Structures are given as C-alpha cells and as structure tokens.
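**Student:** Got a structure for you, work-v4.pdb, holding PDB, C-alpha atoms.
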```pdb
ATOM      1  CA  MET A 175      60.650 140.411  90.009
ATOM      2  CA  ALA A 176      63.460 137.886  89.628
ATOM      3  CA  GLU A 177      67.021 138.942  90.280
ATOM      4  CA  LYS A 178      69.385 139.218  87.278
ATOM      5  CA  CYS A 179      72.398 136.923  86.905
ATOM      6  CA  TYR A 180      75.582 138.345  88.421
ATOM      7  CA  ILE A 181      77.687 136.854  85.599
ATOM      8  CA  CYS A 182      75.867 137.269  82.263
ATOM      9  CA  GLU A 183      73.501 140.010  83.521
ATOM     10  CA  LYS A 184      70.892 138.792  81.004
ATOM     11  CA  GLY A 185      69.241 135.811  82.651
ATOM     12  CA  ASN A 186      67.001 135.637  85.674
ATOM     13  CA  LEU A 187      67.906 133.676  88.794
ATOM     14  CA  ALA A 188      65.549 130.911  89.891
ATOM     15  CA  LYS A 189      65.691 128.982  93.169
ATOM     16  CA  LYS A 190      66.411 125.278  92.629
ATOM     17  CA  LYS A 191      67.830 122.214  94.342
ATOM     18  CA  VAL A 192      71.181 121.394  92.743
ATOM     19  CA  ASP A 193      73.064 118.092  92.954
ATOM     20  CA  TYR A 194      76.593 119.230  93.841
ATOM     21  CA  LYS A 195      79.558 117.032  92.987
ATOM     22  CA  LEU A 196      83.122 117.269  94.224
ATOM     23  CA  TYR A 197      85.709 115.184  92.333
ATOM     24  CA  GLY A 198      82.819 113.431  90.584
ATOM     25  CA  VAL A 199      81.201 112.323  93.865
ATOM     26  CA  SER A 200      77.766 113.696  94.767
ATOM     27  CA  ILE A 201      77.739 115.328  98.180
ATOM     28  CA  GLY A 202      73.991 115.988  98.028
ATOM     29  CA  GLU A 203      71.338 118.369  96.784
ATOM     30  CA  PHE A 204      71.539 121.962  97.974
ATOM     31  CA  ASP A 205      69.452 125.122  97.595
ATOM     32  CA  ALA A 206      70.866 127.442  94.944
ATOM     33  CA  GLU A 207      69.976 130.185  92.507
ATOM     34  CA  VAL A 208      70.506 129.188  88.861
ATOM     35  CA  CYS A 209      70.594 131.522  85.844
ATOM     36  CA  ASP A 210      68.042 130.578  83.184
ATOM     37  CA  LYS A 211      70.370 131.859  80.404
ATOM     38  CA  CYS A 212      73.996 130.924  81.183
ATOM     39  CA  GLY A 213      73.330 128.185  83.765
ATOM     40  CA  GLU A 214      75.658 129.726  86.376
ATOM     41  CA  THR A 215      74.879 128.443  89.872
ATOM     42  CA  PHE A 216      75.091 130.490  93.072
ATOM     43  CA  PHE A 217      75.041 129.187  96.660
ATOM     44  CA  ASP A 218      74.614 131.436  99.683
ATOM     45  CA  GLU A 219      77.132 131.428 102.532
ATOM     46  CA  GLU A 220      75.097 129.163 104.825
ATOM     47  CA  VAL A 221      74.627 126.544 102.083
ATOM     48  CA  SER A 222      78.348 126.756 101.235
ATOM     49  CA  LYS A 223      79.191 125.968 104.872
ATOM     50  CA  LYS A 224      76.901 122.910 104.769
ATOM     51  CA  MET A 225      78.533 121.765 101.530
ATOM     52  CA  THR A 226      81.998 122.079 103.086
ATOM     53  CA  GLU A 227      80.937 120.141 106.200
ATOM     54  CA  THR A 228      79.443 117.370 104.041
ATOM     55  CA  ALA A 229      82.575 117.166 101.859
ATOM     56  CA  LYS A 230      84.735 116.851 104.999
ATOM     57  CA  ARG A 231      82.476 114.112 106.415
ATOM     58  CA  LYS A 232      82.711 112.157 103.153
ATOM     59  CA  GLY A 233      86.508 112.419 103.094
ATOM     60  CA  LEU A 234      86.549 114.607  99.982
ATOM     61  CA  TRP A 235      87.975 117.733 101.597
ATOM     62  CA  GLY A 236      91.623 118.429 100.821
ATOM     63  CA  LEU A 237      92.116 115.656  98.240
ATOM     64  CA  GLN A 238      93.428 117.980  95.548
ATOM     65  CA  THR A 239      97.178 118.467  95.703
ATOM     66  CA  LYS A 240     100.233 119.140  93.572
ATOM     67  CA  THR A 241     102.926 116.567  92.932
ATOM     68  CA  LYS A 242     106.011 116.411  90.750
ATOM     69  CA  ILE A 243     106.851 114.009  87.979
ATOM     70  CA  GLY A 244     109.820 111.810  88.890
ATOM     71  CA  GLN A 245     111.953 109.416  86.912
ATOM     72  CA  SER A 246     112.718 105.744  87.349
ATOM     73  CA  GLY A 247     115.152 104.475  84.731
ATOM     74  CA  THR A 248     113.836 105.538  81.345
ATOM     75  CA  THR A 249     110.220 105.978  82.510
ATOM     76  CA  LEU A 250     108.511 108.827  84.352
ATOM     77  CA  ASP A 251     106.448 108.299  87.480
ATOM     78  CA  ILE A 252     103.943 110.265  89.512
ATOM     79  CA  ARG A 253     103.782 109.932  93.293
ATOM     80  CA  LEU A 254     100.339 109.911  94.840
ATOM     81  CA  PRO A 255      99.753 111.403  98.284
ATOM     82  CA  LYS A 256      98.517 109.151 101.103
ATOM     83  CA  LYS A 257      95.121 110.916 101.285
ATOM     84  CA  ILE A 258      94.351 109.949  97.686
ATOM     85  CA  ILE A 259      95.769 106.428  98.118
ATOM     86  CA  ASP A 260      93.542 105.872 101.160
ATOM     87  CA  PHE A 261      90.462 107.463  99.584
ATOM     88  CA  LEU A 262      90.737 105.260  96.473
ATOM     89  CA  ASN A 263      91.934 102.220  98.427
ATOM     90  CA  LEU A 264      94.920 101.799  96.097
ATOM     91  CA  LYS A 265      97.421  98.974  96.602
ATOM     92  CA  LYS A 266     100.838  98.301  95.093
ATOM     93  CA  GLY A 267     100.483  96.215  91.931
ATOM     94  CA  LYS A 268      96.920  97.345  91.193
ATOM     95  CA  GLU A 269      96.432  97.829  87.476
ATOM     96  CA  VAL A 270      95.200 101.232  86.314
ATOM     97  CA  GLU A 271      94.383 102.703  82.923
ATOM     98  CA  VAL A 272      96.171 105.916  81.915
ATOM     99  CA  TYR A 273      95.308 108.126  78.944
ATOM    100  CA  PRO A 274      95.616 111.755  77.856
ATOM    101  CA  GLU A 275      92.557 113.949  77.545
ATOM    102  CA  GLY A 276      93.658 116.744  75.256
ATOM    103  CA  LYS A 277      97.144 118.188  75.627
ATOM    104  CA  ASP A 278      96.843 119.308  79.245
ATOM    105  CA  LYS A 279      95.069 116.562  81.181
ATOM    106  CA  LEU A 280      96.117 113.072  82.235
ATOM    107  CA  VAL A 281      93.392 110.663  83.384
ATOM    108  CA  ILE A 282      94.142 107.693  85.637
ATOM    109  CA  SER A 283      91.221 105.316  85.867
ATOM    110  CA  ILE A 284      91.052 102.436  88.377
TER     111      ILE A 284
END
```
The structure given in the file should be rewritten as structure tokens.

**Tutor:**
Amino acid sequence: MAEKCYICEKGNLAKKKVDYKLYGVSIGEFDAEVCDKCGETFFDEEVSKKMTETAKRKGLWGLQTKTKIGQSGTTLDIRLPKKIIDFLNLKKGKEVEVYPEGKDKLVISI
C-alpha cells in the first residue's frame, strides 16, 4: 500500500525522477516521492546530500544573499555581491532590464 502524503494527508506518494532546479538552473534528475494530489515532492537525506554536492559543483551554492538599497544622487541603487557578479559574468556598463513582478518582487534580467 502506498504511503500517504505528509502534507495534505489525502494523496498517495509515488516514486519518481524529478528534475530539480536551483535559481532556475537544473542540477539534475533525482529520486523522489511525489504526492498524486497536492504535488508536494519529498527527497530522502541521501538524495538531498547529492543535490547539495551537485549545486556546489555547479557554483549555485550560497548565491542567495541580502543586500541593502543605496542612493546615488536622486536614484536608488542595489549592490550585487561578487559571487553573483562572477556567476552571471556581469561587467560594468552591461545593460540589464528591470521590472516589478507584483508589489514585492523586483526582476533583473540580463
């Protein structure tokens, strides 16, 4: 008998290969249990360790950070940490597109 979902407690868990993405970059397909009702995905501890190792190898580990909004004259600016600059290969003068996504998210697209 299939195990019930730990979250919704209504669906059954099925073993599947799941394409896992971190910051929109695929780090590979991994074994997981997926609820057939709510879609929640569960990875065991060994798989989680493999996912972490892969993310570190691909340079994705530790990219998320907090920064403060600064001011330059009458405009506001956001400083980017070196890890993100290096990962995205950003250079001074490179043009980017900036737009809001809702009231609580700012998207910077290169």

**Student:** Please report the interatomic distance between CA of Lys266 in chain A and CA of Arg253 in chain A in Å with one decimal.

**Tutor:** 12.1 Å

**Student:** With the file shown as input, list the residues that the PyMOL selection byres ((chain A and resi 225) around 12) selects, as a PyMOL selection string.

**Tutor:** chain A and resi 192-196+200-206+217-224+226-232+234-235

**Student:** CA of Asn263 in chain A and CA of Gln245 in chain A, how far apart in Å?

**Tutor:**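 A separation of 24.2 Å between them.
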
**Student:** Grab the CA of Lys190 in chain A to CA of Gly236 in chain A distance for me, in Å with one decimal place.

**Tutor:**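 Atom-to-atom, CA of Lys190 in chain A to CA of Gly236 in chain A, that is 27.4 Å.
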
**Student:** Please report, as AutoDock Vina command-line options, the centre and edge lengths in Å to one decimal of an axis-aligned box covering all listed atoms of range 214-217 of chain A with 3 Å per side.

**Tutor:**
```
--center_x 75.3 --center_y 129.5 --center_z 91.5 --size_x 6.8 --size_y 8.0 --size_z 16.3
```

**Student:** Quick one: of A:Val281, A:Cys182, A:Val199, A:Leu250, who's nearest to Gly213 in chain A, counting all atoms listed in the file?

**Tutor:** A:Cys182

**Student:** What does the PyMOL selection byres ((chain A and resi 176) around 12) select in this file, as a ChimeraX atom specification?

**Tutor:** /A:175,177-179,183-189,207-210

**Student:** Selection from above, C-alpha atoms, as an mmCIF file, in the frame of the given file, can you write it?

**Tutor:**
```
data_model
loop_
_atom_site.group_PDB
_atom_site.id
_atom_site.type_symbol
_atom_site.label_atom_id
_atom_site.label_comp_id
_atom_site.auth_asym_id
_atom_site.auth_seq_id
_atom_site.Cartn_x
_atom_site.Cartn_y
_atom_site.Cartn_z
ATOM 1 C CA MET A 175 60.650 140.411 90.009
ATOM 2 C CA GLU A 177 67.021 138.942 90.280
ATOM 3 C CA LYS A 178 69.385 139.218 87.278
ATOM 4 C CA CYS A 179 72.398 136.923 86.905
ATOM 5 C CA GLU A 183 73.501 140.010 83.521
ATOM 6 C CA LYS A 184 70.892 138.792 81.004
ATOM 7 C CA GLY A 185 69.241 135.811 82.651
ATOM 8 C CA ASN A 186 67.001 135.637 85.674
ATOM 9 C CA LEU A 187 67.906 133.676 88.794
ATOM 10 C CA ALA A 188 65.549 130.911 89.891
ATOM 11 C CA LYS A 189 65.691 128.982 93.169
ATOM 12 C CA GLU A 207 69.976 130.185 92.507
ATOM 13 C CA VAL A 208 70.506 129.188 88.861
ATOM 14 C CA CYS A 209 70.594 131.522 85.844
ATOM 15 C CA ASP A 210 68.042 130.578 83.184
#
```

**Student:** In terms of the shortest atom-to-atom distance over only C-alpha atoms, which of A:Tyr197, A:Ser246, A:Lys191, A:Leu237 is closest to Ile259 in chain A?

**Tutor:**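 Result for the nearest residue to Ile259 in chain A: A:Leu237.
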
**Student:** Counting only C-alpha atoms, figure out which residue out of A:Cys212, A:Ile243, A:Ile252, A:Ile181 gets nearest to Val272 in chain A.

**Tutor:**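 Ranking A:Cys212, A:Ile243, A:Ile252, A:Ile181 by distance to Val272 in chain A, first place goes to A:Ile252.
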
**Student:** At a cut-off of 12 Å around the point (97.1, 106.8, 95.7) (file coordinates), what residues fall inside when counting only C-alpha atoms? I'd like the answer as a list of chain:residue names.

**Tutor:**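 Residues with an atom at most 12 Å from (97.1, 106.8, 95.7): A:Leu237, A:Gln238, A:Thr239, A:Thr241, A:Ile252, A:Arg253, A:Leu254, A:Pro255, A:Lys256, A:Lys257, A:Ile258, A:Ile259, A:Asp260, A:Phe261, A:Leu262, A:Asn263, A:Leu264, A:Lys265, A:Lys266, A:Gly267, A:Lys268, A:Val270, A:Ile282, A:Ser283, A:Ile284.
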